[in-house]
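Engineer: Structure supplied as model.cif; contents: mmCIF, N, CA and C atoms.
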```cif
data_upload
#
loop_
_atom_site.label_atom_id
_atom_site.label_comp_id
_atom_site.auth_asym_id
_atom_site.auth_seq_id
_atom_site.Cartn_x
_atom_site.Cartn_y
_atom_site.Cartn_z
N MET A 1 2.47 3.78 14.25
CA MET A 1 2.72 3.88 12.83
C MET A 1 1.56 4.62 12.18
N LYS A 2 1.91 5.52 11.25
CA LYS A 2 0.91 6.31 10.53
C LYS A 2 0.71 5.72 9.14
N ILE A 3 -0.56 5.48 8.79
CA ILE A 3 -0.90 4.83 7.54
C ILE A 3 -1.82 5.72 6.71
N ALA A 4 -1.45 5.92 5.45
CA ALA A 4 -2.29 6.65 4.49
C ALA A 4 -3.05 5.62 3.66
N VAL A 5 -4.34 5.89 3.42
CA VAL A 5 -5.19 4.91 2.73
C VAL A 5 -6.02 5.61 1.67
N ALA A 6 -6.21 4.92 0.54
CA ALA A 6 -7.06 5.46 -0.52
C ALA A 6 -7.65 4.32 -1.34
N CYS A 7 -8.70 4.66 -2.09
CA CYS A 7 -9.33 3.68 -2.96
C CYS A 7 -10.09 4.40 -4.06
N ASP A 8 -10.57 3.60 -5.00
CA ASP A 8 -11.57 4.10 -5.94
C ASP A 8 -12.90 3.47 -5.57
N HIS A 9 -13.91 3.68 -6.39
CA HIS A 9 -15.25 3.17 -6.11
C HIS A 9 -15.28 1.65 -5.97
N ALA A 10 -14.42 0.95 -6.71
CA ALA A 10 -14.41 -0.51 -6.70
C ALA A 10 -13.69 -1.10 -5.49
N GLY A 11 -13.06 -0.25 -4.70
CA GLY A 11 -12.35 -0.72 -3.52
C GLY A 11 -12.87 -0.18 -2.21
N LEU A 12 -13.98 0.56 -2.27
CA LEU A 12 -14.48 1.27 -1.09
C LEU A 12 -14.81 0.35 0.08
N GLN A 13 -15.51 -0.73 -0.17
CA GLN A 13 -15.92 -1.60 0.93
C GLN A 13 -14.71 -2.22 1.63
N LEU A 14 -13.75 -2.71 0.85
CA LEU A 14 -12.56 -3.31 1.46
C LEU A 14 -11.73 -2.26 2.18
N LYS A 15 -11.59 -1.08 1.57
CA LYS A 15 -10.84 0.00 2.24
C LYS A 15 -11.42 0.29 3.61
N ASN A 16 -12.72 0.37 3.70
CA ASN A 16 -13.36 0.68 4.98
C ASN A 16 -13.12 -0.41 6.02
N VAL A 17 -13.14 -1.66 5.60
CA VAL A 17 -12.84 -2.78 6.51
C VAL A 17 -11.40 -2.69 6.99
N LEU A 18 -10.47 -2.40 6.07
CA LEU A 18 -9.05 -2.30 6.44
C LEU A 18 -8.81 -1.14 7.41
N ILE A 19 -9.45 -0.02 7.16
CA ILE A 19 -9.32 1.13 8.07
C ILE A 19 -9.82 0.77 9.46
N GLU A 20 -10.98 0.16 9.52
CA GLU A 20 -11.55 -0.23 10.82
C GLU A 20 -10.59 -1.14 11.59
N GLU A 21 -10.01 -2.10 10.90
CA GLU A 21 -9.07 -3.03 11.53
C GLU A 21 -7.81 -2.30 12.01
N MET A 22 -7.26 -1.43 11.17
CA MET A 22 -6.04 -0.71 11.57
C MET A 22 -6.30 0.18 12.77
N GLN A 23 -7.42 0.86 12.78
CA GLN A 23 -7.75 1.71 13.93
C GLN A 23 -7.92 0.88 15.18
N LYS A 24 -8.55 -0.28 15.05
CA LYS A 24 -8.73 -1.18 16.19
C LYS A 24 -7.38 -1.63 16.74
N GLU A 25 -6.40 -1.78 15.85
CA GLU A 25 -5.06 -2.22 16.26
C GLU A 25 -4.17 -1.07 16.72
N GLY A 26 -4.69 0.15 16.70
CA GLY A 26 -3.97 1.30 17.23
C GLY A 26 -3.15 2.08 16.22
N TYR A 27 -3.30 1.79 14.95
CA TYR A 27 -2.59 2.57 13.92
C TYR A 27 -3.29 3.91 13.73
N GLU A 28 -2.52 4.93 13.43
CA GLU A 28 -3.07 6.23 13.07
C GLU A 28 -3.32 6.21 11.57
N VAL A 29 -4.56 6.40 11.16
CA VAL A 29 -4.94 6.23 9.75
C VAL A 29 -5.55 7.53 9.22
N LYS A 30 -5.13 7.89 7.99
CA LYS A 30 -5.78 9.00 7.29
C LYS A 30 -6.37 8.44 6.00
N ASP A 31 -7.64 8.68 5.80
CA ASP A 31 -8.38 8.23 4.62
C ASP A 31 -8.38 9.34 3.58
N PHE A 32 -7.70 9.11 2.47
CA PHE A 32 -7.62 10.08 1.38
C PHE A 32 -8.78 9.96 0.39
N GLY A 33 -9.73 9.06 0.66
CA GLY A 33 -10.88 8.90 -0.21
C GLY A 33 -10.68 7.75 -1.20
N THR A 34 -11.62 7.55 -2.00
CA THR A 34 -12.93 8.11 -2.18
C THR A 34 -13.84 7.65 -1.05
N TYR A 35 -15.00 8.24 -0.97
CA TYR A 35 -15.90 7.95 0.13
C TYR A 35 -17.25 7.41 -0.33
N THR A 36 -17.43 7.24 -1.64
CA THR A 36 -18.68 6.72 -2.18
C THR A 36 -18.37 5.68 -3.26
N GLU A 37 -19.40 4.97 -3.69
CA GLU A 37 -19.24 3.99 -4.76
C GLU A 37 -19.56 4.60 -6.13
N GLU A 38 -19.66 5.92 -6.18
CA GLU A 38 -19.85 6.60 -7.46
C GLU A 38 -18.55 6.51 -8.26
N SER A 39 -18.65 6.17 -9.53
CA SER A 39 -17.48 5.99 -10.37
C SER A 39 -16.54 7.19 -10.28
N CYS A 40 -15.25 6.89 -10.13
CA CYS A 40 -14.24 7.94 -10.00
C CYS A 40 -12.93 7.46 -10.61
N ASP A 41 -11.96 8.33 -10.65
CA ASP A 41 -10.64 8.01 -11.21
C ASP A 41 -9.65 7.81 -10.06
N TYR A 42 -9.13 6.57 -9.94
CA TYR A 42 -8.26 6.26 -8.80
C TYR A 42 -7.02 7.15 -8.70
N PRO A 43 -6.43 7.66 -9.80
CA PRO A 43 -5.27 8.54 -9.61
C PRO A 43 -5.56 9.76 -8.75
N ASP A 44 -6.81 10.24 -8.78
CA ASP A 44 -7.17 11.42 -7.99
C ASP A 44 -6.98 11.19 -6.49
N TYR A 45 -7.04 9.95 -6.06
CA TYR A 45 -6.93 9.61 -4.64
C TYR A 45 -5.58 8.97 -4.32
N VAL A 46 -5.07 8.19 -5.25
CA VAL A 46 -3.81 7.47 -5.01
C VAL A 46 -2.61 8.41 -5.05
N ILE A 47 -2.60 9.35 -5.96
CA ILE A 47 -1.44 10.25 -6.08
C ILE A 47 -1.20 11.04 -4.79
N PRO A 48 -2.21 11.70 -4.21
CA PRO A 48 -1.95 12.41 -2.94
C PRO A 48 -1.52 11.45 -1.81
N THR A 49 -2.06 10.25 -1.82
CA THR A 49 -1.71 9.26 -0.81
C THR A 49 -0.25 8.87 -0.95
N ALA A 50 0.16 8.54 -2.16
CA ALA A 50 1.55 8.14 -2.42
C ALA A 50 2.52 9.28 -2.13
N LYS A 51 2.16 10.49 -2.48
CA LYS A 51 3.02 11.64 -2.20
C LYS A 51 3.20 11.82 -0.69
N ALA A 52 2.14 11.59 0.06
CA ALA A 52 2.22 11.74 1.52
C ALA A 52 3.13 10.67 2.13
N VAL A 53 3.13 9.47 1.56
CA VAL A 53 4.05 8.43 2.02
C VAL A 53 5.47 8.77 1.60
N ALA A 54 5.65 9.16 0.35
CA ALA A 54 6.98 9.46 -0.18
C ALA A 54 7.66 10.61 0.57
N ASN A 55 6.88 11.60 1.01
CA ASN A 55 7.49 12.74 1.70
C ASN A 55 7.67 12.50 3.21
N GLY A 56 7.31 11.31 3.67
CA GLY A 56 7.53 10.96 5.07
C GLY A 56 6.43 11.34 6.03
N GLU A 57 5.37 11.91 5.51
CA GLU A 57 4.24 12.28 6.37
C GLU A 57 3.57 11.03 6.96
N PHE A 58 3.63 9.92 6.21
CA PHE A 58 3.08 8.64 6.66
C PHE A 58 4.14 7.56 6.49
N ASP A 59 4.07 6.55 7.35
CA ASP A 59 5.04 5.46 7.31
C ASP A 59 4.77 4.48 6.17
N ARG A 60 3.50 4.21 5.93
CA ARG A 60 3.11 3.26 4.88
C ARG A 60 1.80 3.73 4.27
N GLY A 61 1.50 3.13 3.11
CA GLY A 61 0.25 3.43 2.43
C GLY A 61 -0.44 2.15 1.99
N ILE A 62 -1.76 2.20 1.98
CA ILE A 62 -2.59 1.08 1.53
C ILE A 62 -3.55 1.64 0.49
N VAL A 63 -3.59 1.02 -0.69
CA VAL A 63 -4.50 1.47 -1.75
C VAL A 63 -5.28 0.28 -2.29
N VAL A 64 -6.56 0.54 -2.62
CA VAL A 64 -7.45 -0.54 -3.04
C VAL A 64 -8.27 -0.09 -4.25
N CYS A 65 -8.37 -0.98 -5.23
CA CYS A 65 -9.29 -0.80 -6.35
C CYS A 65 -9.90 -2.17 -6.64
N GLY A 66 -10.44 -2.37 -7.81
CA GLY A 66 -11.04 -3.66 -8.13
C GLY A 66 -10.03 -4.79 -8.15
N THR A 67 -8.86 -4.54 -8.76
CA THR A 67 -7.83 -5.57 -8.88
C THR A 67 -6.57 -5.28 -8.07
N GLY A 68 -6.35 -4.03 -7.71
CA GLY A 68 -5.10 -3.61 -7.07
C GLY A 68 -4.07 -3.17 -8.09
N LEU A 69 -4.30 -3.45 -9.36
CA LEU A 69 -3.31 -3.18 -10.39
C LEU A 69 -3.20 -1.70 -10.74
N GLY A 70 -4.32 -1.06 -11.03
CA GLY A 70 -4.28 0.35 -11.40
C GLY A 70 -3.74 1.24 -10.29
N VAL A 71 -4.18 0.97 -9.07
CA VAL A 71 -3.70 1.80 -7.95
C VAL A 71 -2.21 1.58 -7.70
N SER A 72 -1.73 0.36 -7.89
CA SER A 72 -0.30 0.11 -7.68
C SER A 72 0.54 0.78 -8.76
N MET A 73 0.09 0.68 -10.02
CA MET A 73 0.84 1.34 -11.10
C MET A 73 0.90 2.84 -10.88
N THR A 74 -0.20 3.41 -10.46
CA THR A 74 -0.24 4.85 -10.19
C THR A 74 0.70 5.22 -9.05
N ALA A 75 0.60 4.50 -7.94
CA ALA A 75 1.46 4.80 -6.79
C ALA A 75 2.93 4.71 -7.16
N ASN A 76 3.28 3.73 -7.97
CA ASN A 76 4.68 3.53 -8.34
C ASN A 76 5.23 4.61 -9.27
N LYS A 77 4.38 5.46 -9.79
CA LYS A 77 4.85 6.60 -10.59
C LYS A 77 5.36 7.74 -9.70
N VAL A 78 5.04 7.68 -8.42
CA VAL A 78 5.48 8.73 -7.48
C VAL A 78 6.88 8.41 -7.00
N HIS A 79 7.77 9.36 -7.15
CA HIS A 79 9.18 9.22 -6.75
C HIS A 79 9.27 8.74 -5.29
N GLY A 80 9.98 7.64 -5.07
CA GLY A 80 10.20 7.14 -3.71
C GLY A 80 9.24 6.05 -3.27
N ILE A 81 8.29 5.71 -4.11
CA ILE A 81 7.29 4.70 -3.73
C ILE A 81 7.68 3.33 -4.29
N ARG A 82 7.50 2.33 -3.45
CA ARG A 82 7.62 0.92 -3.84
C ARG A 82 6.33 0.25 -3.38
N CYS A 83 5.38 0.16 -4.31
CA CYS A 83 4.05 -0.37 -4.01
C CYS A 83 3.92 -1.75 -4.63
N ALA A 84 3.50 -2.72 -3.83
CA ALA A 84 3.33 -4.09 -4.30
C ALA A 84 1.88 -4.52 -4.19
N VAL A 85 1.41 -5.20 -5.23
CA VAL A 85 0.09 -5.83 -5.19
C VAL A 85 0.27 -7.17 -4.50
N CYS A 86 -0.46 -7.39 -3.42
CA CYS A 86 -0.35 -8.65 -2.68
C CYS A 86 -1.74 -9.16 -2.32
N HIS A 87 -1.96 -10.42 -2.63
CA HIS A 87 -3.22 -11.07 -2.27
C HIS A 87 -2.96 -12.33 -1.46
N ASP A 88 -1.75 -12.45 -0.93
CA ASP A 88 -1.40 -13.57 -0.06
C ASP A 88 -0.36 -13.09 0.94
N THR A 89 -0.28 -13.76 2.08
CA THR A 89 0.60 -13.30 3.15
C THR A 89 2.07 -13.52 2.82
N PHE A 90 2.39 -14.57 2.07
CA PHE A 90 3.79 -14.81 1.70
C PHE A 90 4.35 -13.62 0.93
N SER A 91 3.61 -13.15 -0.07
CA SER A 91 4.06 -12.01 -0.87
C SER A 91 4.13 -10.74 -0.04
N ALA A 92 3.16 -10.54 0.84
CA ALA A 92 3.15 -9.34 1.68
C ALA A 92 4.37 -9.30 2.59
N LYS A 93 4.72 -10.44 3.17
CA LYS A 93 5.92 -10.51 4.01
C LYS A 93 7.18 -10.32 3.18
N ALA A 94 7.25 -11.01 2.05
CA ALA A 94 8.45 -10.94 1.22
C ALA A 94 8.71 -9.54 0.68
N THR A 95 7.65 -8.82 0.29
CA THR A 95 7.88 -7.49 -0.25
C THR A 95 8.35 -6.52 0.82
N ARG A 96 7.98 -6.76 2.05
CA ARG A 96 8.51 -5.94 3.15
C ARG A 96 9.95 -6.35 3.46
N GLN A 97 10.21 -7.65 3.58
CA GLN A 97 11.53 -8.14 3.95
C GLN A 97 12.58 -7.81 2.89
N HIS A 98 12.24 -8.00 1.62
CA HIS A 98 13.24 -7.92 0.55
C HIS A 98 13.20 -6.62 -0.24
N ASN A 99 12.02 -5.99 -0.36
CA ASN A 99 11.88 -4.80 -1.19
C ASN A 99 11.64 -3.53 -0.39
N ASP A 100 11.48 -3.66 0.92
CA ASP A 100 11.15 -2.52 1.77
C ASP A 100 9.97 -1.74 1.19
N ALA A 101 8.97 -2.48 0.69
CA ALA A 101 7.79 -1.84 0.10
C ALA A 101 7.16 -0.91 1.13
N ASN A 102 6.82 0.29 0.67
CA ASN A 102 6.19 1.25 1.57
C ASN A 102 4.70 1.43 1.29
N MET A 103 4.21 0.75 0.25
CA MET A 103 2.78 0.76 -0.02
C MET A 103 2.32 -0.63 -0.44
N LEU A 104 1.09 -0.93 -0.06
CA LEU A 104 0.44 -2.19 -0.38
C LEU A 104 -0.81 -1.90 -1.20
N ALA A 105 -1.00 -2.66 -2.27
CA ALA A 105 -2.21 -2.55 -3.08
C ALA A 105 -2.95 -3.88 -3.05
N MET A 106 -4.27 -3.79 -2.98
CA MET A 106 -5.10 -4.99 -3.03
C MET A 106 -6.32 -4.71 -3.89
N GLY A 107 -6.91 -5.80 -4.38
CA GLY A 107 -8.10 -5.71 -5.21
C GLY A 107 -9.31 -6.29 -4.51
N GLN A 108 -10.32 -5.46 -4.33
CA GLN A 108 -11.54 -5.90 -3.66
C GLN A 108 -12.24 -7.02 -4.42
N ARG A 109 -12.11 -7.02 -5.74
CA ARG A 109 -12.75 -8.05 -6.56
C ARG A 109 -11.92 -9.34 -6.65
N VAL A 110 -10.73 -9.32 -6.05
CA VAL A 110 -9.79 -10.44 -6.16
C VAL A 110 -9.67 -11.21 -4.85
N VAL A 111 -9.62 -10.48 -3.75
CA VAL A 111 -9.32 -11.11 -2.46
C VAL A 111 -10.51 -10.97 -1.51
N GLY A 112 -10.77 -12.01 -0.74
CA GLY A 112 -11.82 -11.95 0.26
C GLY A 112 -11.38 -11.13 1.46
N THR A 113 -12.34 -10.71 2.24
CA THR A 113 -12.05 -9.86 3.40
C THR A 113 -11.13 -10.53 4.41
N GLY A 114 -11.36 -11.80 4.71
CA GLY A 114 -10.53 -12.50 5.69
C GLY A 114 -9.07 -12.55 5.27
N VAL A 115 -8.84 -12.92 4.01
CA VAL A 115 -7.47 -12.98 3.50
C VAL A 115 -6.87 -11.57 3.45
N ALA A 116 -7.65 -10.59 3.03
CA ALA A 116 -7.16 -9.21 2.95
C ALA A 116 -6.68 -8.73 4.32
N LEU A 117 -7.39 -9.07 5.37
CA LEU A 117 -6.97 -8.68 6.72
C LEU A 117 -5.67 -9.36 7.11
N GLU A 118 -5.50 -10.61 6.72
CA GLU A 118 -4.24 -11.32 7.00
C GLU A 118 -3.09 -10.71 6.21
N VAL A 119 -3.33 -10.35 4.97
CA VAL A 119 -2.31 -9.71 4.13
C VAL A 119 -1.91 -8.38 4.74
N LEU A 120 -2.89 -7.59 5.14
CA LEU A 120 -2.63 -6.30 5.78
C LEU A 120 -1.75 -6.47 7.00
N LYS A 121 -2.11 -7.41 7.86
CA LYS A 121 -1.34 -7.66 9.08
C LYS A 121 0.11 -8.05 8.75
N ALA A 122 0.27 -8.94 7.78
CA ALA A 122 1.61 -9.36 7.38
C ALA A 122 2.42 -8.18 6.87
N PHE A 123 1.80 -7.33 6.07
CA PHE A 123 2.49 -6.17 5.51
C PHE A 123 2.89 -5.18 6.60
N LEU A 124 2.00 -4.91 7.53
CA LEU A 124 2.28 -3.91 8.56
C LEU A 124 3.24 -4.41 9.64
N GLU A 125 3.26 -5.70 9.89
CA GLU A 125 4.06 -6.23 10.99
C GLU A 125 5.41 -6.80 10.58
N THR A 126 5.70 -6.83 9.29
CA THR A 126 6.96 -7.39 8.82
C THR A 126 7.98 -6.28 8.61
N ASP A 127 9.18 -6.51 9.11
CA ASP A 127 10.26 -5.54 8.97
C ASP A 127 11.12 -5.83 7.75
N TYR A 128 11.78 -4.81 7.26
CA TYR A 128 12.74 -4.92 6.17
C TYR A 128 14.01 -5.57 6.70
N GLU A 129 14.55 -6.53 5.96
CA GLU A 129 15.75 -7.25 6.39
C GLU A 129 17.05 -6.51 6.10
N GLY A 130 17.05 -5.62 5.12
CA GLY A 130 18.28 -4.90 4.77
C GLY A 130 19.30 -5.83 4.15
N GLY A 131 20.58 -5.59 4.48
CA GLY A 131 21.64 -6.45 3.98
C GLY A 131 21.71 -6.47 2.47
N ARG A 132 21.80 -7.68 1.92
CA ARG A 132 21.97 -7.86 0.46
C ARG A 132 20.82 -7.26 -0.34
N HIS A 133 19.68 -7.10 0.29
CA HIS A 133 18.51 -6.55 -0.41
C HIS A 133 18.67 -5.06 -0.71
N GLN A 134 19.44 -4.34 0.10
CA GLN A 134 19.58 -2.91 -0.10
C GLN A 134 20.25 -2.60 -1.43
N ARG A 135 21.21 -3.42 -1.83
CA ARG A 135 21.90 -3.22 -3.10
C ARG A 135 20.89 -3.26 -4.26
N ARG A 136 19.95 -4.17 -4.18
CA ARG A 136 18.95 -4.31 -5.23
C ARG A 136 17.97 -3.14 -5.23
N ILE A 137 17.58 -2.72 -4.05
CA ILE A 137 16.67 -1.57 -3.95
C ILE A 137 17.35 -0.32 -4.49
N ASP A 138 18.62 -0.14 -4.16
CA ASP A 138 19.37 1.02 -4.66
C ASP A 138 19.39 1.04 -6.18
N LYS A 139 19.60 -0.11 -6.81
CA LYS A 139 19.60 -0.18 -8.27
C LYS A 139 18.22 0.15 -8.83
N MET A 140 17.18 -0.37 -8.20
CA MET A 140 15.81 -0.11 -8.64
C MET A 140 15.50 1.39 -8.53
N MET A 141 15.80 1.97 -7.38
CA MET A 141 15.43 3.35 -7.13
C MET A 141 16.28 4.32 -7.94
N ALA A 142 17.48 3.90 -8.39
CA ALA A 142 18.32 4.74 -9.23
C ALA A 142 17.64 5.05 -10.57
N LEU A 143 16.70 4.22 -10.98
CA LEU A 143 15.96 4.47 -12.21
C LEU A 143 15.17 5.77 -12.15
N GLU A 144 14.80 6.19 -10.95
CA GLU A 144 14.05 7.44 -10.81
C GLU A 144 14.91 8.66 -11.15
N LYS A 145 16.21 8.49 -11.15
CA LYS A 145 17.12 9.61 -11.42
C LYS A 145 17.51 9.68 -12.89
N GLN A 146 17.06 8.73 -13.68
CA GLN A 146 17.43 8.72 -15.11
C GLN A 146 16.48 9.54 -15.94
#
```
Using the file provided, produce a representation of the structure as structure tokens.
Structural biologist:
Amino acid sequence: MKIAVACDHAGLQLKNVLIEEMQKEGYEVKDFGTYTEESCDYPDYVIPTAKAVANGEFDRGIVVCGTGLGVSMTANKVHGIRCAVCHDTFSAKATRQHNDANMLAMGQRVVGTGVALEVLKAFLETDYEGGRHQRRIDKMMALEKQ
């Protein structure tokens, strides 16, 4: 599985831990930045990441900022993206099973490293259930055509 990853300055440390873990587990990872803790604008990194997921270049995306909120809102502006902020494994599993989320957002200032690694694992290892959930996703995604 190919994973696109990005962060802003407030998510750099967690992003680097997540990348290290994914590489250790055999995932192919591309880091879209940022690479320093110098203040930056998360859309500059999240938009190219989300576009790469939306166009099929990557299977999933992971984005990190201080809270996970700004990066998720930005990613969700890209046509074809369903990005969920998750700080617990139940939500990470549910958003994959029911929403077929293709991006995960987390906040470095919100979640500890141990929990973040568990959330990441749940997100990457959970499959979409399809069935009745597809009808709901179709209705959600139809909004992009309005």
Engineer: So which residues touch Val119 of chain A within 8 Å, counting all atoms listed in the file, skipping near sequence neighbours fewer than 6 positions away, as a list in words?
Structural biologist: Cys86, His87, Asp88, Thr89, Phe90, Ser91, Ala92, Lys93, Thr113 and Glu125 of chain A
Engineer: For the residues selected in the previous step, produce a file with N, CA and C atoms as an mmCIF file, in the coordinates of the input.
Structural biologist:
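Listing of selection.cif after writing:
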```cif
data_model
loop_
_atom_site.group_PDB
_atom_site.id
_atom_site.type_symbol
_atom_site.label_atom_id
_atom_site.label_comp_id
_atom_site.auth_asym_id
_atom_site.auth_seq_id
_atom_site.Cartn_x
_atom_site.Cartn_y
_atom_site.Cartn_z
ATOM 1 N N CYS A 86 -0.460 -7.390 -3.420
ATOM 2 C CA CYS A 86 -0.350 -8.650 -2.680
ATOM 3 C C CYS A 86 -1.740 -9.160 -2.320
ATOM 4 N N HIS A 87 -1.960 -10.420 -2.630
ATOM 5 C CA HIS A 87 -3.220 -11.070 -2.270
ATOM 6 C C HIS A 87 -2.960 -12.330 -1.460
ATOM 7 N N ASP A 88 -1.750 -12.450 -0.930
ATOM 8 C CA ASP A 88 -1.400 -13.570 -0.060
ATOM 9 C C ASP A 88 -0.360 -13.090 0.940
ATOM 10 N N THR A 89 -0.280 -13.760 2.080
ATOM 11 C CA THR A 89 0.600 -13.300 3.150
ATOM 12 C C THR A 89 2.070 -13.520 2.820
ATOM 13 N N PHE A 90 2.390 -14.570 2.070
ATOM 14 C CA PHE A 90 3.790 -14.810 1.700
ATOM 15 C C PHE A 90 4.350 -13.620 0.930
ATOM 16 N N SER A 91 3.610 -13.150 -0.070
ATOM 17 C CA SER A 91 4.060 -12.010 -0.870
ATOM 18 C C SER A 91 4.130 -10.740 -0.040
ATOM 19 N N ALA A 92 3.160 -10.540 0.840
ATOM 20 C CA ALA A 92 3.150 -9.340 1.680
ATOM 21 C C ALA A 92 4.370 -9.300 2.590
ATOM 22 N N LYS A 93 4.720 -10.440 3.170
ATOM 23 C CA LYS A 93 5.920 -10.510 4.010
ATOM 24 C C LYS A 93 7.180 -10.320 3.180
ATOM 25 N N THR A 113 -12.340 -10.710 2.240
ATOM 26 C CA THR A 113 -12.050 -9.860 3.400
ATOM 27 C C THR A 113 -11.130 -10.530 4.410
ATOM 28 N N GLU A 125 3.260 -5.700 9.890
ATOM 29 C CA GLU A 125 4.060 -6.230 10.990
ATOM 30 C C GLU A 125 5.410 -6.800 10.580
#
```
Engineer: Near Asn76 of chain A, counting only C-alpha atoms, which residues have an atom at most 12 Å away, once you skip same-chain residues fewer than 5 positions from it, shown as a list in words?
Structural biologist: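 Counting only the stated atoms, we get Pro43, Val46, Ile47, Thr49, Ala50, Lys51, Val53, Ala54, Gly61, Val63, Leu69, Gly70, Val71, Ile81, Arg82, Cys83, Ala84, Val85, Ala101, Asn102, Met103, Leu104, Ala105, Met140, Met141, Leu143 and Glu144 of chain A.
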Engineer: Please evaluate the PyMOL selection byres ((chain A and resi 27-33) around 6) against the structure above and give the resulting residues as a PyMOL selection string.
Structural biologist: chain A and resi 1-8+22-26+34-35+45
Engineer: Write down as a PyMOL selection string the residues of chain A whose backbone DSSP state falls under alpha helix (DSSP H).
Structural biologist: chain A and resi 12-24+43-54+69-75+89-99+113-125+132-142
Engineer: Between A:Thr74, A:Thr126, A:Asn99, A:Gln13, which residue has the minimum interatomic distance to Pro48 of chain A, considering only C-alpha atoms?
Structural biologist: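 For Pro48 of chain A, the nearest of the given residues is A:Thr74.
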Engineer: Could you work out how far atom CA of Ala122 of chain A lies from atom CA of Ile137 of chain A, giving the answer in Å with one decimal?
Structural biologist: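 A separation of 20.4 Å between them.
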Engineer: Report as a compact mmCIF listing (two decimals) with N, CA and C atoms, keeping the file's coordinate frame: the residues of segment 3-111 of chain A with a DSSP assignment of strand (DSSP E or B), based on the backbone of this structure.
Structural biologist:
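Just written: part-v3.txt:
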```txt
# COMPACT_ATOMS: atom_id res chain seq x y z
N ILE A 3 -0.56 5.48 8.79
CA ILE A 3 -0.90 4.83 7.54
C ILE A 3 -1.82 5.72 6.71
N ALA A 4 -1.45 5.92 5.45
CA ALA A 4 -2.29 6.65 4.49
C ALA A 4 -3.05 5.62 3.66
N VAL A 5 -4.34 5.89 3.42
CA VAL A 5 -5.19 4.91 2.73
C VAL A 5 -6.02 5.61 1.67
N ALA A 6 -6.21 4.92 0.54
CA ALA A 6 -7.06 5.46 -0.52
C ALA A 6 -7.65 4.32 -1.34
N CYS A 7 -8.70 4.66 -2.09
CA CYS A 7 -9.33 3.68 -2.96
C CYS A 7 -10.09 4.40 -4.06
N GLU A 28 -2.52 4.93 13.43
CA GLU A 28 -3.07 6.23 13.07
C GLU A 28 -3.32 6.21 11.57
N VAL A 29 -4.56 6.40 11.16
CA VAL A 29 -4.94 6.23 9.75
C VAL A 29 -5.55 7.53 9.22
N LYS A 30 -5.13 7.89 7.99
CA LYS A 30 -5.78 9.00 7.29
C LYS A 30 -6.37 8.44 6.00
N ASP A 31 -7.64 8.68 5.80
CA ASP A 31 -8.38 8.23 4.62
C ASP A 31 -8.38 9.34 3.58
N ARG A 60 3.50 4.21 5.93
CA ARG A 60 3.11 3.26 4.88
C ARG A 60 1.80 3.73 4.27
N GLY A 61 1.50 3.13 3.11
CA GLY A 61 0.25 3.43 2.43
C GLY A 61 -0.44 2.15 1.99
N ILE A 62 -1.76 2.20 1.98
CA ILE A 62 -2.59 1.08 1.53
C ILE A 62 -3.55 1.64 0.49
N VAL A 63 -3.59 1.02 -0.69
CA VAL A 63 -4.50 1.47 -1.75
C VAL A 63 -5.28 0.28 -2.29
N VAL A 64 -6.56 0.54 -2.62
CA VAL A 64 -7.45 -0.54 -3.04
C VAL A 64 -8.27 -0.09 -4.25
N CYS A 65 -8.37 -0.98 -5.23
CA CYS A 65 -9.29 -0.80 -6.35
C CYS A 65 -9.90 -2.17 -6.64
N CYS A 83 5.38 0.16 -4.31
CA CYS A 83 4.05 -0.37 -4.01
C CYS A 83 3.92 -1.75 -4.63
N ALA A 84 3.50 -2.72 -3.83
CA ALA A 84 3.33 -4.09 -4.30
C ALA A 84 1.88 -4.52 -4.19
N VAL A 85 1.41 -5.20 -5.23
CA VAL A 85 0.09 -5.83 -5.19
C VAL A 85 0.27 -7.17 -4.50
N MET A 103 4.21 0.75 0.25
CA MET A 103 2.78 0.76 -0.02
C MET A 103 2.32 -0.63 -0.44
N LEU A 104 1.09 -0.93 -0.06
CA LEU A 104 0.44 -2.19 -0.38
C LEU A 104 -0.81 -1.90 -1.20
N ALA A 105 -1.00 -2.66 -2.27
CA ALA A 105 -2.21 -2.55 -3.08
C ALA A 105 -2.95 -3.88 -3.05
N MET A 106 -4.27 -3.79 -2.98
CA MET A 106 -5.10 -4.99 -3.03
C MET A 106 -6.32 -4.71 -3.89
N GLY A 107 -6.91 -5.80 -4.38
CA GLY A 107 -8.10 -5.71 -5.21
C GLY A 107 -9.31 -6.29 -4.51
```
Engineer: Counting only N, CA and C atoms, which of A:Gln108, A:Glu20, A:Ala10, A:Ala52 gets nearest to Cys40 of chain A?
Structural biologist: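 Comparing A:Gln108, A:Glu20, A:Ala10, A:Ala52 against Cys40 of chain A, the winner is A:Ala10.
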Engineer: Just to confirm, what's the straight-line distance from atom N of Leu12 of chain A to atom C of Gly107 of chain A in Å (one decimal)?
Structural biologist: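 Distance between the two atoms: 8.6 Å.
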Engineer: Given the file above and the PyMOL selection byres ((chain A and resi 129) around 6), which residues are selected, and can you give them as a ChimeraX atom specification?
Structural biologist: /A:96-98,127-128,130-131
Engineer: I'd like the interatomic distance between atom N of Leu14 of chain A and atom CA of Lys77 of chain A, to a tenth of an Å.
Structural biologist: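 Here the two named atoms are 23.7 Å from each other.
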Engineer: Would you compute the box with edges along x, y and z of the file around segment 2-18 of chain A, including every atom the file lists for it and 6 Å extra on each side, and give its centre and edge lengths in Å to one decimal, as JSON?
Structural biologist:
```
{"center_x": -7.0, "center_y": 1.7, "center_z": 2.3, "size_x": 29.8, "size_y": 22.0, "size_z": 30.0}
```
Engineer: Looking at only C-alpha atoms, which of A:Arg136, A:Lys145, A:Lys121, A:His9 is the one that sits closest to Arg109 of chain A?
Structural biologist: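 For Arg109 of chain A, the nearest of the given residues is A:His9.
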Engineer: Using all atoms listed in the file, can you tell me which of A:Gly80, A:Thr95, A:Val110, A:Asn55 comes closest to Gly68 of chain A?
Structural biologist: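 Of A:Gly80, A:Thr95, A:Val110, A:Asn55, the one nearest Gly68 of chain A, counting all atoms listed in the file, is A:Val110.
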